[in-house]
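*Asks:* One file is attached below, final.txt, containing compact mmCIF, N, CA and C atoms.
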# COMPACT_ATOMS: atom_id res chain seq x y z
N THR A 30 8.71 -38.23 31.30
CA THR A 30 9.84 -38.87 30.65
C THR A 30 9.41 -40.17 30.00
N ARG A 31 10.09 -40.52 28.95
CA ARG A 31 9.77 -41.75 28.23
C ARG A 31 10.39 -42.95 28.94
N CYS A 32 9.71 -44.05 28.82
CA CYS A 32 10.14 -45.30 29.43
C CYS A 32 11.20 -45.94 28.53
N GLU A 33 12.40 -46.04 29.01
CA GLU A 33 13.48 -46.64 28.24
C GLU A 33 13.71 -48.07 28.73
N MET A 34 13.17 -49.03 28.01
CA MET A 34 13.32 -50.43 28.37
C MET A 34 14.56 -50.99 27.70
N THR A 35 15.18 -51.92 28.36
CA THR A 35 16.36 -52.54 27.77
C THR A 35 16.03 -53.85 27.07
N THR A 36 14.95 -54.51 27.48
CA THR A 36 14.60 -55.79 26.86
C THR A 36 13.10 -55.87 26.61
N ASP A 37 12.73 -56.77 25.71
CA ASP A 37 11.31 -57.02 25.48
C ASP A 37 10.66 -57.60 26.73
N LYS A 38 11.39 -58.44 27.47
CA LYS A 38 10.85 -59.01 28.71
C LYS A 38 10.45 -57.92 29.68
N GLU A 39 11.30 -56.91 29.82
CA GLU A 39 11.00 -55.81 30.74
C GLU A 39 9.76 -55.05 30.27
N LEU A 40 9.65 -54.80 28.96
CA LEU A 40 8.45 -54.17 28.42
C LEU A 40 7.21 -54.97 28.77
N LEU A 41 7.27 -56.28 28.55
CA LEU A 41 6.12 -57.13 28.81
C LEU A 41 5.77 -57.19 30.29
N GLU A 42 6.77 -57.24 31.16
CA GLU A 42 6.51 -57.27 32.60
C GLU A 42 5.77 -56.00 33.04
N LEU A 43 6.22 -54.85 32.57
CA LEU A 43 5.58 -53.60 32.95
C LEU A 43 4.20 -53.46 32.32
N ALA A 44 4.04 -53.95 31.09
CA ALA A 44 2.72 -53.91 30.44
C ALA A 44 1.73 -54.77 31.23
N ALA A 45 2.16 -55.94 31.66
CA ALA A 45 1.30 -56.81 32.47
C ALA A 45 0.92 -56.13 33.78
N LYS A 46 1.88 -55.48 34.39
CA LYS A 46 1.63 -54.77 35.65
C LYS A 46 0.59 -53.67 35.45
N ALA A 47 0.64 -52.98 34.33
CA ALA A 47 -0.26 -51.86 34.06
C ALA A 47 -1.72 -52.28 34.06
N VAL A 48 -2.00 -53.51 33.64
CA VAL A 48 -3.39 -53.95 33.55
C VAL A 48 -3.72 -55.07 34.55
N GLY A 49 -2.83 -55.28 35.50
CA GLY A 49 -3.10 -56.24 36.57
C GLY A 49 -3.02 -57.70 36.16
N ILE A 50 -2.21 -58.01 35.16
CA ILE A 50 -2.02 -59.40 34.74
C ILE A 50 -1.00 -60.05 35.66
N ASN A 51 -1.34 -61.23 36.18
CA ASN A 51 -0.43 -61.98 37.04
C ASN A 51 0.44 -62.90 36.18
N VAL A 52 1.74 -62.61 36.14
CA VAL A 52 2.68 -63.40 35.36
C VAL A 52 3.12 -64.61 36.19
N VAL A 53 2.99 -65.80 35.60
CA VAL A 53 3.38 -67.04 36.28
C VAL A 53 4.85 -67.33 36.02
N GLY A 54 5.32 -67.12 34.78
CA GLY A 54 6.72 -67.37 34.45
C GLY A 54 6.96 -67.26 32.96
N ASP A 55 8.22 -67.46 32.57
CA ASP A 55 8.61 -67.41 31.17
C ASP A 55 7.96 -68.55 30.40
N ILE A 56 7.45 -68.23 29.23
CA ILE A 56 6.73 -69.22 28.42
C ILE A 56 7.62 -70.41 28.04
N GLU A 57 8.89 -70.17 27.82
CA GLU A 57 9.79 -71.25 27.41
C GLU A 57 9.95 -72.32 28.49
N LYS A 58 9.70 -71.96 29.73
CA LYS A 58 9.81 -72.92 30.83
C LYS A 58 8.57 -73.81 30.96
N TYR A 59 7.47 -73.42 30.31
CA TYR A 59 6.21 -74.13 30.45
C TYR A 59 5.75 -74.85 29.19
N LEU A 60 6.09 -74.32 28.03
CA LEU A 60 5.63 -74.91 26.78
C LEU A 60 6.78 -75.53 26.01
N VAL A 61 6.53 -76.68 25.43
CA VAL A 61 7.55 -77.33 24.61
C VAL A 61 7.73 -76.57 23.30
N PHE A 62 6.62 -76.14 22.70
CA PHE A 62 6.65 -75.40 21.44
C PHE A 62 5.95 -74.05 21.63
N PRO A 63 6.64 -73.02 22.12
CA PRO A 63 5.98 -71.74 22.39
C PRO A 63 5.52 -71.00 21.14
N GLU A 64 5.98 -71.39 19.97
CA GLU A 64 5.57 -70.82 18.69
C GLU A 64 5.57 -69.31 18.69
N ARG A 65 4.46 -68.69 18.29
CA ARG A 65 4.46 -67.24 18.09
C ARG A 65 4.52 -66.44 19.38
N ARG A 66 4.35 -67.06 20.52
CA ARG A 66 4.43 -66.34 21.79
C ARG A 66 5.82 -66.47 22.42
N ALA A 67 6.78 -66.99 21.68
CA ALA A 67 8.14 -67.14 22.20
C ALA A 67 8.64 -65.81 22.73
N GLY A 68 9.30 -65.85 23.87
CA GLY A 68 9.78 -64.63 24.49
C GLY A 68 8.77 -64.01 25.43
N GLY A 69 7.58 -64.60 25.50
CA GLY A 69 6.52 -64.06 26.34
C GLY A 69 6.43 -64.75 27.68
N PHE A 70 5.24 -64.72 28.25
CA PHE A 70 5.01 -65.26 29.58
C PHE A 70 3.81 -66.20 29.60
N ILE A 71 3.76 -67.01 30.63
CA ILE A 71 2.54 -67.72 31.00
C ILE A 71 1.87 -66.83 32.04
N ILE A 72 0.58 -66.58 31.85
CA ILE A 72 -0.16 -65.70 32.76
C ILE A 72 -1.40 -66.43 33.28
N GLU A 73 -1.94 -65.91 34.38
CA GLU A 73 -3.23 -66.40 34.86
C GLU A 73 -4.32 -65.76 34.02
N ASN A 74 -5.24 -66.60 33.52
CA ASN A 74 -6.33 -66.04 32.72
C ASN A 74 -7.56 -65.79 33.59
N ALA A 75 -8.59 -65.22 33.00
CA ALA A 75 -9.79 -64.83 33.73
C ALA A 75 -10.51 -66.01 34.38
N SER A 76 -10.36 -67.21 33.84
CA SER A 76 -11.05 -68.37 34.40
C SER A 76 -10.21 -69.12 35.43
N GLY A 77 -9.05 -68.55 35.80
CA GLY A 77 -8.21 -69.16 36.82
C GLY A 77 -7.17 -70.13 36.29
N GLY A 78 -7.16 -70.34 34.99
CA GLY A 78 -6.17 -71.22 34.38
C GLY A 78 -4.95 -70.42 33.95
N HIS A 79 -4.14 -71.03 33.12
CA HIS A 79 -2.94 -70.38 32.61
C HIS A 79 -2.95 -70.39 31.10
N THR A 80 -2.34 -69.36 30.52
CA THR A 80 -2.27 -69.26 29.07
C THR A 80 -0.99 -68.53 28.67
N GLY A 81 -0.55 -68.75 27.43
CA GLY A 81 0.60 -68.03 26.91
C GLY A 81 0.21 -66.60 26.56
N TRP A 82 1.17 -65.68 26.71
CA TRP A 82 0.88 -64.26 26.48
C TRP A 82 2.12 -63.56 25.95
N ASN A 83 2.01 -62.98 24.77
CA ASN A 83 3.06 -62.12 24.23
C ASN A 83 2.44 -61.15 23.23
N PRO A 84 2.02 -59.98 23.72
CA PRO A 84 1.41 -59.00 22.82
C PRO A 84 2.38 -58.38 21.82
N LEU A 85 3.68 -58.65 21.96
CA LEU A 85 4.64 -58.17 20.96
C LEU A 85 4.57 -59.01 19.68
N THR A 86 4.09 -60.25 19.81
CA THR A 86 4.07 -61.13 18.65
C THR A 86 2.69 -61.64 18.29
N ASP A 87 1.71 -61.48 19.17
CA ASP A 87 0.38 -62.02 18.95
C ASP A 87 -0.64 -60.89 18.86
N ASP A 88 -1.32 -60.81 17.72
CA ASP A 88 -2.31 -59.74 17.50
C ASP A 88 -3.42 -59.76 18.55
N GLY A 89 -3.92 -60.94 18.89
CA GLY A 89 -5.00 -61.04 19.87
C GLY A 89 -4.58 -60.55 21.25
N ASP A 90 -3.39 -60.93 21.67
CA ASP A 90 -2.87 -60.47 22.97
C ASP A 90 -2.72 -58.96 22.97
N ALA A 91 -2.24 -58.40 21.86
CA ALA A 91 -2.05 -56.94 21.77
C ALA A 91 -3.39 -56.22 21.81
N LEU A 92 -4.38 -56.76 21.11
CA LEU A 92 -5.70 -56.13 21.11
C LEU A 92 -6.33 -56.17 22.51
N ARG A 93 -6.23 -57.33 23.17
CA ARG A 93 -6.78 -57.42 24.53
C ARG A 93 -6.06 -56.47 25.48
N LEU A 94 -4.75 -56.28 25.30
CA LEU A 94 -4.00 -55.33 26.13
C LEU A 94 -4.49 -53.91 25.87
N ALA A 95 -4.69 -53.55 24.62
CA ALA A 95 -5.18 -52.21 24.28
C ALA A 95 -6.55 -51.96 24.88
N VAL A 96 -7.42 -52.95 24.80
CA VAL A 96 -8.77 -52.81 25.37
C VAL A 96 -8.69 -52.68 26.89
N ALA A 97 -7.84 -53.47 27.53
CA ALA A 97 -7.68 -53.38 28.98
C ALA A 97 -7.16 -52.00 29.39
N LEU A 98 -6.27 -51.43 28.61
CA LEU A 98 -5.75 -50.09 28.90
C LEU A 98 -6.86 -49.06 28.82
N SER A 99 -7.68 -49.16 27.79
CA SER A 99 -8.71 -48.15 27.61
C SER A 99 -9.86 -48.29 28.59
N SER A 100 -10.24 -49.50 28.93
CA SER A 100 -11.39 -49.67 29.83
C SER A 100 -11.02 -49.48 31.29
N ASP A 101 -9.84 -49.87 31.70
CA ASP A 101 -9.46 -49.78 33.11
C ASP A 101 -9.04 -48.37 33.53
N ASP A 102 -8.40 -47.65 32.65
CA ASP A 102 -7.84 -46.37 33.04
C ASP A 102 -8.45 -45.18 32.30
N GLY A 103 -9.46 -45.42 31.48
CA GLY A 103 -10.04 -44.32 30.73
C GLY A 103 -9.08 -43.79 29.68
N PHE A 104 -8.09 -44.59 29.28
CA PHE A 104 -7.08 -44.17 28.33
C PHE A 104 -7.54 -44.49 26.92
N ASP A 105 -7.46 -43.54 26.04
CA ASP A 105 -7.85 -43.75 24.65
C ASP A 105 -6.65 -44.21 23.85
N ILE A 106 -6.79 -45.31 23.14
CA ILE A 106 -5.74 -45.80 22.26
C ILE A 106 -5.92 -45.10 20.92
N GLU A 107 -4.89 -44.45 20.47
CA GLU A 107 -4.96 -43.72 19.21
C GLU A 107 -3.87 -44.23 18.29
N ILE A 108 -4.26 -44.78 17.17
CA ILE A 108 -3.31 -45.24 16.16
C ILE A 108 -3.29 -44.18 15.07
N THR A 109 -2.12 -43.64 14.81
CA THR A 109 -2.00 -42.56 13.84
C THR A 109 -0.76 -42.75 12.99
N LYS A 110 -0.77 -42.19 11.81
CA LYS A 110 0.38 -42.30 10.93
C LYS A 110 1.35 -41.13 11.09
N THR A 111 0.99 -40.17 11.91
CA THR A 111 1.86 -39.02 12.10
C THR A 111 2.35 -38.96 13.53
N ALA A 112 3.53 -38.41 13.73
CA ALA A 112 4.07 -38.26 15.07
C ALA A 112 3.25 -37.22 15.82
N SER A 113 3.06 -37.47 17.11
CA SER A 113 2.27 -36.55 17.91
C SER A 113 2.86 -36.44 19.30
N GLY A 114 3.07 -35.24 19.76
CA GLY A 114 3.54 -35.02 21.12
C GLY A 114 2.40 -34.64 22.03
N ALA A 115 1.17 -34.70 21.52
CA ALA A 115 0.01 -34.24 22.29
C ALA A 115 -0.32 -35.14 23.47
N ARG A 116 -0.04 -36.42 23.38
CA ARG A 116 -0.35 -37.36 24.45
C ARG A 116 0.94 -37.79 25.14
N GLU A 117 0.86 -37.89 26.43
CA GLU A 117 2.03 -38.31 27.20
C GLU A 117 2.45 -39.73 26.85
N PHE A 118 1.46 -40.60 26.56
CA PHE A 118 1.77 -41.99 26.27
C PHE A 118 1.56 -42.34 24.80
N CYS A 119 1.89 -41.44 23.91
CA CYS A 119 1.73 -41.68 22.48
C CYS A 119 3.07 -42.15 21.91
N TYR A 120 3.05 -43.23 21.17
CA TYR A 120 4.28 -43.75 20.58
C TYR A 120 4.12 -43.89 19.08
N VAL A 121 5.17 -43.58 18.39
CA VAL A 121 5.24 -43.80 16.95
C VAL A 121 6.35 -44.81 16.72
N GLU A 122 6.01 -45.91 16.13
CA GLU A 122 6.96 -46.97 15.84
C GLU A 122 7.20 -47.02 14.34
N PRO A 123 8.45 -46.96 13.91
CA PRO A 123 8.71 -47.16 12.49
C PRO A 123 8.35 -48.61 12.14
N HIS A 124 7.62 -48.81 11.03
CA HIS A 124 7.15 -50.16 10.77
C HIS A 124 7.87 -50.88 9.65
N GLY A 125 8.63 -50.22 8.83
CA GLY A 125 9.31 -50.93 7.76
C GLY A 125 8.32 -51.77 6.97
N ASP A 126 8.56 -53.06 6.92
CA ASP A 126 7.68 -53.97 6.17
C ASP A 126 6.57 -54.57 7.01
N ASP A 127 6.52 -54.28 8.32
CA ASP A 127 5.54 -54.94 9.19
C ASP A 127 4.82 -53.93 10.08
N LYS A 128 3.76 -53.34 9.55
CA LYS A 128 3.03 -52.35 10.33
C LYS A 128 2.27 -52.99 11.49
N TYR A 129 1.98 -54.28 11.40
CA TYR A 129 1.30 -54.98 12.50
C TYR A 129 2.23 -55.12 13.70
N ALA A 130 3.47 -55.49 13.45
CA ALA A 130 4.45 -55.60 14.55
C ALA A 130 4.68 -54.24 15.19
N ALA A 131 4.72 -53.19 14.39
CA ALA A 131 4.92 -51.85 14.93
C ALA A 131 3.74 -51.43 15.79
N THR A 132 2.54 -51.78 15.37
CA THR A 132 1.34 -51.46 16.16
C THR A 132 1.34 -52.20 17.48
N ARG A 133 1.68 -53.50 17.43
CA ARG A 133 1.74 -54.28 18.68
C ARG A 133 2.77 -53.70 19.63
N ARG A 134 3.95 -53.33 19.11
CA ARG A 134 5.00 -52.77 19.96
C ARG A 134 4.58 -51.43 20.55
N ALA A 135 3.90 -50.60 19.79
CA ALA A 135 3.44 -49.30 20.30
C ALA A 135 2.46 -49.51 21.46
N ILE A 136 1.56 -50.47 21.33
CA ILE A 136 0.61 -50.77 22.40
C ILE A 136 1.35 -51.24 23.65
N VAL A 137 2.31 -52.14 23.48
CA VAL A 137 3.07 -52.65 24.63
C VAL A 137 3.89 -51.55 25.27
N ARG A 138 4.52 -50.70 24.46
CA ARG A 138 5.31 -49.59 25.03
C ARG A 138 4.44 -48.64 25.82
N CYS A 139 3.24 -48.38 25.33
CA CYS A 139 2.30 -47.52 26.05
C CYS A 139 1.94 -48.15 27.39
N ALA A 140 1.60 -49.43 27.38
CA ALA A 140 1.24 -50.12 28.62
C ALA A 140 2.41 -50.16 29.59
N ALA A 141 3.62 -50.38 29.06
CA ALA A 141 4.81 -50.42 29.92
C ALA A 141 5.05 -49.08 30.60
N GLU A 142 4.82 -48.01 29.88
CA GLU A 142 4.97 -46.68 30.47
C GLU A 142 3.97 -46.50 31.62
N MET A 143 2.76 -46.96 31.41
CA MET A 143 1.75 -46.86 32.46
C MET A 143 2.12 -47.76 33.64
N GLY A 144 2.64 -48.95 33.36
CA GLY A 144 3.06 -49.86 34.42
C GLY A 144 4.22 -49.32 35.23
N LYS A 145 5.10 -48.61 34.57
CA LYS A 145 6.24 -47.99 35.25
C LYS A 145 5.77 -46.94 36.26
N ALA A 146 4.67 -46.27 35.93
CA ALA A 146 4.15 -45.22 36.79
C ALA A 146 3.46 -45.76 38.04
N LEU A 147 3.15 -47.05 38.06
CA LEU A 147 2.43 -47.65 39.20
C LEU A 147 3.37 -47.89 40.37
Can the structure in the file be given as structure tokens, please?
*Replies:*
Amino acid sequence: TRCEMTTDKELLELAAKAVGINVVGDIEKYLVFPERRAGGFIIENASGGHTGWNPLTDDGDALRLAVALSSDDGFDIEITKTASGAREFCYVEPHGDDKYAATRRAIVRCAAEMGKAL
């Protein structure tokens, strides 16, 4: 079954869970100017510090999430222009004028589905 999220926050929480990211809290509570990561989280980074994280709005965060999905679980990320039912975690996002936002959202939705299964 497909993961039906009600909010972007829920998508992000499950995506973080899928790759073992420790969420510290909402970014708006920690940063005065959250800028492009608004709506995201503060997370623990690999060096033990904290950083802003929102793969729905940040290309770098989305790419790191996709890489974490593929390396940790043996999952292949496939970006395609056609709808496909061949993969359980394959998503097609309509992109309108922003194919980058659609790609980021597809990655997050995939990770959220995997996080839901944990």
*Asks:* Report as a PyMOL selection string all protein, DNA and RNA residues lying within 6 Å of range 66-79 of chain A, evaluated on all atoms listed in the file, omitting residues in the same chain fewer than 5 positions from it.
*Replies:* chain A and resi 51-57
*Asks:* Pick the closest to Leu85 in chain A from A:Ile50, A:Leu43, A:Ala97, A:Ala131: which is it, counting only N, CA and C atoms?
*Replies:*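 Of A:Ile50, A:Leu43, A:Ala97, A:Ala131, the one nearest Leu85 in chain A is A:Ala131, counting only N, CA and C atoms.
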*Asks:* Report, in Å to a single decimal, how far apart atom C of Ala141 in chain A and atom N of Asn83 in chain A are.
*Replies:* 15.4 Å
*Asks:* I'd like the interatomic distance between atom C of Asp90 in chain A and atom C of Thr35 in chain A, to a tenth of an Å.
*Replies:*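 For atom C of Asp90 in chain A relative to atom C of Thr35 in chain A, the distance reads 19.9 Å.
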*Asks:* Take CA of Gly81 in chain A and CA of Glu42 in chain A and report the distance between them in Å, one decimal.
*Replies:* 13.5 Å
*Asks:* Kindly compute an axis-aligned box around the listed atoms of range 35-43 of chain A, allowing 4 Å on each side, and express its centre and edge lengths in Å to one decimal as lines of an AutoDock Vina configuration file.
*Replies:*
center_x = 10.3
center_y = -55.5
center_z = 29.3
size_x = 20.2
size_y = 15.1
size_z = 15.6
*Asks:* May I ask which of the residues A:Ala47, A:Leu98, A:Ala91, A:Leu147 is the closest one to Ala135 in chain A, counting only C-alpha atoms?
*Replies:*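 The closest residue to Ala135 in chain A is A:Ala91.
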*Asks:* Which residue gives the smallest distance to Met143 in chain A among A:Thr86, A:Ser99, A:Thr80, A:Thr36, with only C-alpha atoms counted?
*Replies:* A:Ser99
